[in-house]
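Asks: One file is attached below, start31.cif, containing mmCIF, C-alpha atoms.
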```cif
data_model
#
loop_
_atom_site.label_atom_id
_atom_site.label_comp_id
_atom_site.auth_asym_id
_atom_site.auth_seq_id
_atom_site.Cartn_x
_atom_site.Cartn_y
_atom_site.Cartn_z
CA MET A 1 -18.96 22.17 -4.58
CA SER A 2 -18.64 18.53 -3.51
CA ARG A 3 -17.97 15.73 -5.98
CA LEU A 4 -18.74 12.03 -6.13
CA ILE A 5 -16.05 10.26 -8.14
CA ARG A 6 -15.63 6.64 -9.18
CA LEU A 7 -12.18 5.14 -9.78
CA ASP A 8 -12.55 3.08 -12.94
CA GLU A 9 -10.84 2.05 -16.14
CA THR A 10 -11.21 5.55 -17.62
CA GLY A 11 -9.02 7.09 -14.93
CA HIS A 12 -11.97 8.40 -12.99
CA THR A 13 -15.58 9.37 -13.62
CA THR A 14 -17.43 12.21 -11.92
CA LEU A 15 -20.80 10.74 -11.00
CA ALA A 16 -22.42 13.68 -9.23
CA GLU A 17 -21.78 17.15 -7.89
CA TRP A 18 -23.64 18.99 -5.17
CA SER A 19 -23.33 21.79 -2.65
CA ALA A 20 -24.62 22.17 0.89
CA ASP A 21 -27.37 24.55 -0.26
CA ASP A 22 -28.52 22.28 -3.08
CA PRO A 23 -30.71 19.56 -1.48
CA ARG A 24 -31.98 18.28 -4.81
CA GLY A 25 -28.46 17.80 -6.16
CA PHE A 26 -27.50 16.07 -2.92
CA GLU A 27 -30.50 13.73 -3.12
CA GLN A 28 -29.50 12.72 -6.64
CA ALA A 29 -25.93 12.16 -5.47
CA VAL A 30 -27.21 9.94 -2.64
CA VAL A 31 -29.10 7.79 -5.14
CA VAL A 32 -26.01 7.41 -7.32
CA PHE A 33 -23.88 6.70 -4.25
CA ARG A 34 -26.19 3.86 -3.17
CA GLU A 35 -26.23 2.42 -6.68
CA GLU A 36 -22.45 2.29 -6.64
CA LEU A 37 -22.47 0.60 -3.24
CA ASP A 38 -24.86 -1.99 -4.66
CA ARG A 39 -22.42 -2.58 -7.52
CA GLY A 40 -19.73 -3.53 -5.02
CA TYR A 41 -17.88 -0.25 -4.70
CA PHE A 42 -16.84 1.20 -1.36
CA GLY A 43 -17.29 4.86 -0.49
CA ILE A 44 -14.39 6.92 0.82
CA ALA A 45 -14.67 10.52 1.97
CA SER A 46 -11.37 12.23 1.16
CA LEU A 47 -11.03 15.03 3.67
CA ARG A 48 -9.28 18.38 3.51
CA ASP A 49 -6.70 17.44 6.14
CA GLY A 50 -5.35 14.63 3.95
CA THR A 51 -7.12 11.85 5.81
CA ALA A 52 -9.89 9.62 4.48
CA GLU A 53 -12.88 7.88 5.97
CA GLN A 54 -14.74 4.77 4.89
CA ILE A 55 -18.41 5.71 4.70
CA SER A 56 -21.73 3.97 4.23
CA GLU A 57 -23.79 7.15 3.74
CA LEU A 58 -22.96 10.15 1.62
CA PRO A 59 -21.75 13.08 3.75
CA LEU A 60 -23.29 16.41 2.85
CA ASP A 61 -20.15 18.51 3.11
CA ALA A 62 -17.25 16.23 2.30
CA PRO A 63 -15.28 17.89 -0.49
CA THR A 64 -14.69 14.67 -2.39
CA VAL A 65 -16.24 11.23 -2.08
CA ILE A 66 -14.48 8.50 -4.03
CA MET A 67 -15.90 5.11 -4.93
CA ARG A 68 -13.25 2.42 -4.98
CA ARG A 69 -13.07 -1.28 -5.58
CA PRO A 70 -12.19 -3.67 -2.74
CA ILE A 71 -8.54 -4.42 -2.16
CA ALA A 72 -7.05 -7.80 -1.40
CA GLY A 73 -3.68 -9.26 -0.58
CA GLY A 74 -1.83 -10.42 -3.69
CA MET B 1 -12.47 14.20 10.16
CA ALA B 2 -14.56 16.55 12.23
CA ASP B 3 -15.34 18.67 9.20
CA VAL B 4 -17.66 16.09 7.74
CA ALA B 5 -21.32 16.15 8.60
CA HIS B 6 -22.77 12.76 7.90
CA ALA B 7 -26.10 12.61 6.13
CA GLY B 8 -27.97 10.11 8.20
CA GLY B 9 -25.18 7.68 8.79
CA ALA B 10 -21.98 7.15 10.70
CA PRO B 11 -18.62 6.36 9.15
CA VAL B 12 -18.12 2.64 8.69
CA GLY B 13 -14.84 2.61 10.60
CA GLY B 14 -12.04 0.40 9.42
CA LEU B 15 -11.87 -1.40 6.12
CA PRO B 16 -14.68 -3.80 5.18
CA GLU B 17 -12.09 -6.00 3.46
CA ARG B 18 -10.82 -7.03 6.87
CA ALA B 19 -13.82 -9.36 7.11
CA THR B 20 -12.29 -11.41 4.29
CA VAL B 21 -9.28 -12.19 6.50
CA TYR B 22 -11.18 -12.54 9.78
CA TRP B 23 -8.72 -15.11 11.11
CA ARG B 24 -5.85 -12.63 11.10
CA LYS B 25 -5.12 -10.56 14.19
CA ARG B 26 -5.23 -6.85 13.51
CA VAL B 27 -1.75 -5.50 12.84
CA GLY B 28 -0.33 -3.15 15.44
CA ASP B 29 3.01 -1.90 16.73
CA GLU B 30 3.67 -4.96 18.86
CA SER B 31 2.65 -7.47 16.21
CA LEU B 32 4.89 -5.71 13.68
CA ARG B 33 7.82 -5.86 16.09
CA ARG B 34 7.12 -9.55 16.65
CA VAL B 35 6.90 -10.23 12.92
CA GLY B 36 10.14 -8.31 12.38
CA ARG B 37 11.96 -10.36 15.00
CA TRP B 38 10.52 -13.56 13.55
CA TRP B 39 11.78 -12.69 10.07
CA THR B 40 15.23 -11.95 11.50
CA PHE B 41 15.18 -15.26 13.32
CA THR B 42 14.15 -17.27 10.24
CA THR B 43 16.80 -15.51 8.17
CA VAL B 44 19.42 -16.55 10.70
CA VAL B 45 18.06 -20.10 10.76
CA HIS B 46 18.14 -20.25 6.97
CA THR B 47 21.66 -18.93 6.60
CA VAL B 48 23.78 -19.73 9.65
CA PRO B 49 23.67 -23.54 9.22
CA PHE B 50 24.98 -23.15 5.69
CA ILE B 51 27.77 -20.88 6.88
CA LEU B 52 28.73 -23.20 9.75
CA ALA B 53 28.70 -26.22 7.46
CA ALA B 54 30.85 -24.38 4.93
CA VAL B 55 33.39 -23.42 7.59
CA ALA B 56 33.42 -26.95 9.02
CA LEU B 57 33.95 -28.52 5.63
CA GLY B 58 36.72 -26.10 4.74
CA VAL B 59 38.55 -26.68 8.02
CA LEU B 60 38.09 -30.43 8.32
CA GLU B 61 38.53 -31.40 4.69
CA PRO B 62 40.04 -28.73 2.43
CA VAL B 63 39.25 -30.81 -0.63
CA THR B 64 35.57 -30.03 -0.05
CA ILE B 65 36.09 -26.28 -0.41
CA PRO B 66 34.03 -26.17 -3.65
CA VAL B 67 31.11 -27.66 -1.71
CA ALA B 68 31.70 -25.14 1.07
CA LEU B 69 31.55 -22.35 -1.50
CA ALA B 70 28.25 -23.71 -2.79
CA LEU B 71 26.90 -23.67 0.76
CA LEU B 72 28.02 -20.07 1.21
CA ALA B 73 26.27 -19.20 -2.03
CA HIS B 74 23.09 -20.70 -0.60
CA ALA B 75 23.50 -18.67 2.57
CA TRP B 76 23.80 -15.52 0.45
CA ALA B 77 21.05 -16.37 -2.01
CA ILE B 78 18.20 -17.19 0.37
CA PRO B 79 17.89 -13.72 1.96
CA GLU B 80 18.41 -12.17 -1.45
CA LEU B 81 15.50 -14.15 -2.89
CA TYR B 82 13.27 -12.98 -0.05
CA ALA B 83 14.35 -9.38 -0.65
CA ALA B 84 13.61 -9.76 -4.36
CA ARG B 85 10.13 -10.96 -3.47
CA GLY B 86 9.72 -7.89 -1.31
CA ALA B 87 10.89 -5.53 -4.05
CA ALA B 88 8.44 -7.13 -6.47
CA VAL B 89 5.50 -5.56 -4.61
CA LEU B 90 6.59 -2.17 -5.97
CA ARG B 91 7.09 -3.36 -9.53
CA PRO B 92 5.01 -1.30 -11.97
CA ARG B 93 2.32 -3.09 -13.94
CA LEU B 94 1.50 -2.68 -17.63
CA PRO B 95 0.06 0.78 -18.31
CA ALA B 96 -3.47 1.35 -19.54
CA GLY B 97 -4.13 3.79 -22.39
CA ALA B 98 -2.64 7.28 -22.39
CA VAL B 99 -5.93 9.07 -21.67
CA PRO B 100 -6.97 6.92 -18.67
CA GLU B 101 -3.46 7.14 -17.27
CA ARG B 102 -3.54 10.93 -17.52
CA ARG B 103 -6.98 11.18 -15.91
CA ALA B 104 -5.93 8.85 -13.12
CA LEU B 105 -2.81 10.93 -12.51
CA LEU B 106 -4.90 14.08 -12.24
CA LEU B 107 -6.95 12.55 -9.46
CA LEU B 108 -3.94 11.06 -7.71
CA GLY B 109 -2.27 14.48 -7.88
CA ASP B 110 -5.25 15.97 -6.05
CA LEU B 111 -4.90 13.42 -3.27
CA VAL B 112 -1.24 14.03 -2.38
CA ASP B 113 0.94 16.99 -1.47
CA ASP B 114 3.63 18.61 -3.61
CA ARG B 115 6.43 16.49 -2.21
CA SER B 116 4.64 13.21 -2.87
CA ARG B 117 3.61 14.46 -6.30
CA GLY B 118 7.25 15.15 -7.20
CA LEU B 119 8.39 11.84 -5.79
CA HIS B 120 5.71 10.00 -7.74
CA ALA B 121 6.76 11.72 -10.97
CA ALA B 122 10.35 10.58 -10.40
CA THR B 123 9.79 7.12 -8.96
CA GLY B 124 6.21 6.02 -9.62
CA LEU B 125 5.65 5.65 -5.87
CA VAL B 126 3.71 7.75 -3.38
CA LEU B 127 5.12 8.57 0.06
CA GLU B 128 2.57 8.57 2.87
CA ARG B 129 3.23 9.11 6.56
CA GLY B 130 1.20 6.97 8.92
CA GLN B 131 0.94 6.03 12.57
CA LEU B 132 2.86 2.80 12.04
CA GLY B 133 5.61 4.38 9.99
CA CYS B 134 6.25 5.77 6.56
CA TRP B 135 4.65 4.06 3.59
CA LEU B 136 5.70 3.83 -0.02
CA VAL B 137 2.65 2.98 -2.08
CA GLY B 138 2.94 1.37 -5.49
CA GLN B 139 0.48 -0.15 -7.93
CA ALA B 140 0.31 -3.59 -6.39
CA GLY B 141 1.78 -3.22 -2.97
CA ALA B 142 3.26 -0.98 -0.34
CA VAL B 143 6.39 -0.85 1.78
CA LEU B 144 6.28 0.26 5.40
CA VAL B 145 9.45 1.69 6.94
CA ARG B 146 9.13 1.74 10.71
CA HIS B 147 10.22 4.45 13.09
CA GLY B 148 13.31 3.33 14.97
CA GLU B 149 13.33 -0.25 13.71
CA ARG B 150 15.17 0.30 10.43
CA ARG B 151 13.14 -2.50 8.95
CA ALA B 152 11.13 -2.49 5.75
CA TYR B 153 7.86 -4.42 5.62
CA CYS B 154 6.82 -5.22 2.06
CA TYR B 155 3.10 -5.85 1.57
CA CYS B 156 1.50 -7.32 -1.51
CA VAL B 157 -1.98 -5.82 -1.93
CA LYS B 158 -3.95 -4.51 -4.87
CA ALA B 159 -7.33 -3.34 -6.09
CA SER B 160 -9.60 -6.16 -7.22
CA ALA B 161 -10.20 -4.61 -10.66
CA SER B 162 -7.53 -5.53 -13.18
CA ASP B 163 -8.22 -2.89 -15.84
CA LEU B 164 -7.32 0.18 -13.83
CA PRO B 165 -4.69 2.69 -14.88
CA ALA B 166 -1.59 2.96 -12.71
CA GLY B 167 -2.67 6.13 -10.91
CA ASP B 168 -5.98 4.57 -9.93
CA ARG B 169 -4.30 1.45 -8.57
CA ILE B 170 -2.16 3.62 -6.35
CA ALA B 171 -5.17 5.78 -5.40
CA HIS B 172 -7.08 2.64 -4.33
CA LEU B 173 -4.30 1.62 -1.99
CA LEU B 174 -3.65 5.15 -0.76
CA LEU B 175 -7.29 5.74 0.15
CA ALA B 176 -7.58 2.41 1.93
CA LEU B 177 -4.35 3.14 3.78
CA ARG B 178 -5.61 6.55 4.87
CA CYS B 179 -8.85 5.05 6.10
CA ASP B 180 -7.19 2.55 8.40
CA GLU B 181 -3.56 1.61 8.01
CA ARG B 182 -3.77 -1.19 10.57
CA ASP B 183 -6.58 -2.85 8.65
CA PHE B 184 -4.69 -2.15 5.45
CA ALA B 185 -1.64 -4.01 6.77
CA THR B 186 -3.89 -6.81 8.03
CA VAL B 187 -5.59 -7.33 4.68
CA ALA B 188 -2.30 -7.22 2.78
CA ASN B 189 0.05 -10.17 2.51
CA LEU B 190 3.52 -9.70 3.93
CA ALA B 191 6.04 -10.62 1.25
CA PHE B 192 9.23 -9.61 3.01
CA CYS B 193 10.48 -8.01 6.18
CA GLY B 194 14.10 -7.08 6.57
CA ALA B 195 16.80 -4.48 6.39
CA PRO B 196 16.13 -1.59 4.01
CA TRP B 197 19.63 -1.96 2.52
CA ARG B 198 18.76 -5.49 1.49
CA LEU B 199 15.55 -4.31 -0.15
CA ARG B 200 17.23 -1.31 -1.79
CA ARG B 201 19.57 -3.52 -3.82
CA ARG B 202 16.58 -5.26 -5.37
CA LEU B 203 14.66 -2.12 -6.26
CA ARG B 204 14.86 -0.28 -9.54
CA PRO B 205 17.31 2.66 -9.38
CA SER B 206 14.51 5.24 -9.45
CA GLN B 207 12.65 3.42 -6.66
CA ARG B 208 15.73 3.53 -4.44
CA GLU B 209 15.28 7.27 -4.30
CA ALA B 210 11.78 6.75 -2.88
CA LEU B 211 13.09 4.34 -0.24
CA ASN B 212 15.75 6.89 0.71
CA ALA B 213 13.02 9.51 1.04
CA ALA B 214 11.04 7.22 3.34
CA LEU B 215 14.11 6.61 5.50
CA GLU B 216 14.89 10.34 5.64
CA VAL B 217 11.51 11.02 7.23
CA PHE B 218 12.93 9.75 10.55
#
```
Is it possible to give me this structure as C-alpha cells?
Replies:
Amino acid sequence: MSRLIRLDETGHTTLAEWSADDPRGFEQAVVVFREELDRGYFGIASLRDGTAEQISELPLDAPTVIMRRPIAGG
Amino acid sequence: MADVAHAGGAPVGGLPERATVYWRKRVGDESLRRVGRWWTFTTVVHTVPFILAAVALGVLEPVTIPVALALLAHAWAIPELYAARGAAVLRPRLPAGAVPERRALLLLGDLVDDRSRGLHAATGLVLERGQLGCWLVGQAGAVLVRHGERRAYCYCVKASASDLPAGDRIAHLLLALRCDERDFATVANLAFCGAPWRLRRRLRPSQREALNAALEVF
C-alpha cells in the first residue's frame, strides 16, 4: 500500500492511499496530489533505499509520497 | 530510484527552490573547498593584525599592555562570534503541541535508520550521509562535515511554514537534502565555515555528541 502524506502543523496528514492494483484509488490520489501542488506544496517520493526524489507526477509504486513546503535560506 | 515507475511524468530533478537563488553557482566539491579556504583566509585577516598589533605594542611600549590585551581579546572573540553564529543553525525552536510533535516524530522515525533515530532522540539532530560529506540536520539548519577537510559548514535553511512541529521541520530539510544535496547547499545560507573544534565549543552539550558522530563517520 502506497501513501500520500502532507507535512503540516498536525505532524502529518495522510491524504490518500492506493496500491498498484487499485487504479481508482490511484486516480483519486493523483487528484489530491495535484491539488496539493496547486497549494504550493512540493512532492517528494521517499524511496525504499533511503533516497528521495522530487516529483511532478504521482508515481504508481512509490511506497511513500510526501508533500512538503518550500525551503529557503534563513 | 529505479524502483519507482512514474505515472505519466518524469522526476523534476533538483530542487525547485534553486530558482529563487538563480544567481548562485551550484555548490560542488571544488566550490566548497574554495569557500573553506576563503573562510580560513578571512579568519586570518581578521585576527592576525590584532595579534601583531598587540605584540608590537607590548614590545615597543610596555605601558600599553592593557591595550594589547584588548586587541588579543578581539582576535579571540571574532572567530568565536562566527562559530556561535554557525552553532545557532542547530538551535532548537519552540515546540508545537505534544500531539503534533509526536505525530511528526513518528514520520521522521520512518524516514531514518536506527542509528539516526537513536542519535535524534539523544541530540535532536539527524545524521545523514551524503556525497559531499556527512550532514547533521536540525530544525532550522544543517551542518556539513567534509571528508578529509576537517571543516564544518554551517547552513541556515528552513521550511517556509512557521507552525510546523520540530520533527516536520527536520523532515522538510532531510527530504530536500536527499533529493539533491548540492541544490540544498546552494539554497541554504552559509553561516559559518571552520574547524569542528571551534564549532563544538559553541554547541549544546548534547549536540556535541552528534558532531562527534558525524566526525566518526570518516
Asks: Suppose you want the space between atom CA of Asp38 of chain A and atom CA of Arg24 of chain A; what is it in Å?
Replies: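 Computing it gives 21.5 Å between the two atoms.
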Asks: Should the cut-off be 6 Å, what would the residue list for chain A against chain B look like, counting all atoms listed in the file, as JSON, numbers by chain?
Replies: {"A": [9, 10, 11, 51, 52, 53, 54, 55, 56, 57, 59, 60, 61, 62, 70, 71, 72, 73, 74]}
Asks: Which residue is closest to Leu58 of chain A? Choose from A:Ser46, A:Ala16, A:Val30, A:Leu37 and count all atoms listed in the file.
Replies: A:Val30
Asks: Which polymer residues have any atom within 10 Å of an atom of Leu52 of chain B, counting all atoms listed in the file, with same-chain residues fewer than 6 positions away left out, as a PyMOL selection string?
Replies: chain B and resi 58+68+71-72+75
Asks: I'd like the residues picked by the PyMOL selection byres ((chain B and resi 127) around 10) written out as a PDB file with C-alpha atoms, in the coordinates of the input, using the chain letters and numbers from the file.
Replies:
```
ATOM      1  CA  VAL B 112      -1.240  14.030  -2.380  1.00  0.00           C
ATOM      2  CA  ASP B 113       0.940  16.990  -1.470  1.00  0.00           C
ATOM      3  CA  ARG B 115       6.430  16.490  -2.210  1.00  0.00           C
ATOM      4  CA  SER B 116       4.640  13.210  -2.870  1.00  0.00           C
ATOM      5  CA  ARG B 117       3.610  14.460  -6.300  1.00  0.00           C
ATOM      6  CA  LEU B 119       8.390  11.840  -5.790  1.00  0.00           C
ATOM      7  CA  HIS B 120       5.710  10.000  -7.740  1.00  0.00           C
ATOM      8  CA  LEU B 125       5.650   5.650  -5.870  1.00  0.00           C
ATOM      9  CA  VAL B 126       3.710   7.750  -3.380  1.00  0.00           C
ATOM     10  CA  GLU B 128       2.570   8.570   2.870  1.00  0.00           C
ATOM     11  CA  ARG B 129       3.230   9.110   6.560  1.00  0.00           C
ATOM     12  CA  GLY B 130       1.200   6.970   8.920  1.00  0.00           C
ATOM     13  CA  CYS B 134       6.250   5.770   6.560  1.00  0.00           C
ATOM     14  CA  TRP B 135       4.650   4.060   3.590  1.00  0.00           C
ATOM     15  CA  LEU B 136       5.700   3.830  -0.020  1.00  0.00           C
ATOM     16  CA  VAL B 137       2.650   2.980  -2.080  1.00  0.00           C
ATOM     17  CA  GLY B 138       2.940   1.370  -5.490  1.00  0.00           C
ATOM     18  CA  ALA B 142       3.260  -0.980  -0.340  1.00  0.00           C
ATOM     19  CA  VAL B 143       6.390  -0.850   1.780  1.00  0.00           C
ATOM     20  CA  LEU B 144       6.280   0.260   5.400  1.00  0.00           C
ATOM     21  CA  LEU B 174      -3.650   5.150  -0.760  1.00  0.00           C
ATOM     22  CA  ALA B 210      11.780   6.750  -2.880  1.00  0.00           C
ATOM     23  CA  LEU B 211      13.090   4.340  -0.240  1.00  0.00           C
ATOM     24  CA  ALA B 213      13.020   9.510   1.040  1.00  0.00           C
ATOM     25  CA  ALA B 214      11.040   7.220   3.340  1.00  0.00           C
ATOM     26  CA  VAL B 217      11.510  11.020   7.230  1.00  0.00           C
TER      27      VAL B 217
END
```
Asks: Measuring between all atoms listed in the file, which one of B:Ile65, B:Val145, B:Ala73, B:Ala84 shows the shortest distance to Phe192 of chain B?
Replies: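 Nearest candidate to Phe192 of chain B out of B:Ile65, B:Val145, B:Ala73, B:Ala84: B:Ala84.
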Asks: Would you kindly return, as a list in words, each protein, DNA or RNA residue with an atom no farther than 10 Å from any atom of Leu132 of chain B, considering only C-alpha atoms and excluding same-chain residues fewer than 4 positions away?
Replies: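 Everything that qualifies: Val27, Gly28, Asp29, Leu32, Leu144, Val145, Arg146, His147, Glu181, Arg182 and Ala185 of chain B.
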Asks: Rounded to one decimal place, report the atom CA of Arg3 of chain A-atom CA of Thr64 of chain A distance in Å.
Replies: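 Separation between atom CA of Arg3 of chain A and atom CA of Thr64 of chain A: 5.0 Å.
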Asks: Here's a test: counting all atoms listed in the file, identify every protein, DNA and RNA residue with an atom at most 12 Å from (20.2, -17.0, 9.0) in the file's coordinate frame, and state them as a PyMOL selection string.
Replies: chain B and resi 38-52+72+74-80+194
Asks: Given the choices A:Asp8, A:Gly50, A:Thr14, A:Ser2, which gets closest to Arg68 of chain A if the distance is worked out from all atoms listed in the file?
Replies: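 For Arg68 of chain A, the nearest of the candidates is A:Asp8.
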Asks: For the structure shown, which residues end up in the PyMOL selection byres ((chain A and resi 66) around 6)? Put them as a PyMOL selection string, please?
Replies: chain A and resi 4-6+43-44+65+67
Asks: Take atom CA of Thr13 of chain A and atom CA of Phe26 of chain A and report the distance between them in Å, one decimal.
Replies: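 If I compute the distance from atom CA of Thr13 of chain A to atom CA of Phe26 of chain A, I get 17.4 Å.
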Asks: Draw an axis-aligned box tight on the listed atoms of segment 30-41 of chain A, then pad every side by 8 Å and write out centre and edge lengths in Å to one decimal as JSON.
Replies:
```
{"center_x": -23.5, "center_y": 3.2, "center_z": -5.1, "size_x": 27.2, "size_y": 29.5, "size_z": 20.9}
```
Asks: List the residues selected by the PyMOL selection byres ((chain B and resi 197) around 10) in the file shown, writing them as an MDAnalysis selection string.
Replies: chainID B and resid 83 150:152 194:196 198:202 208 211:212
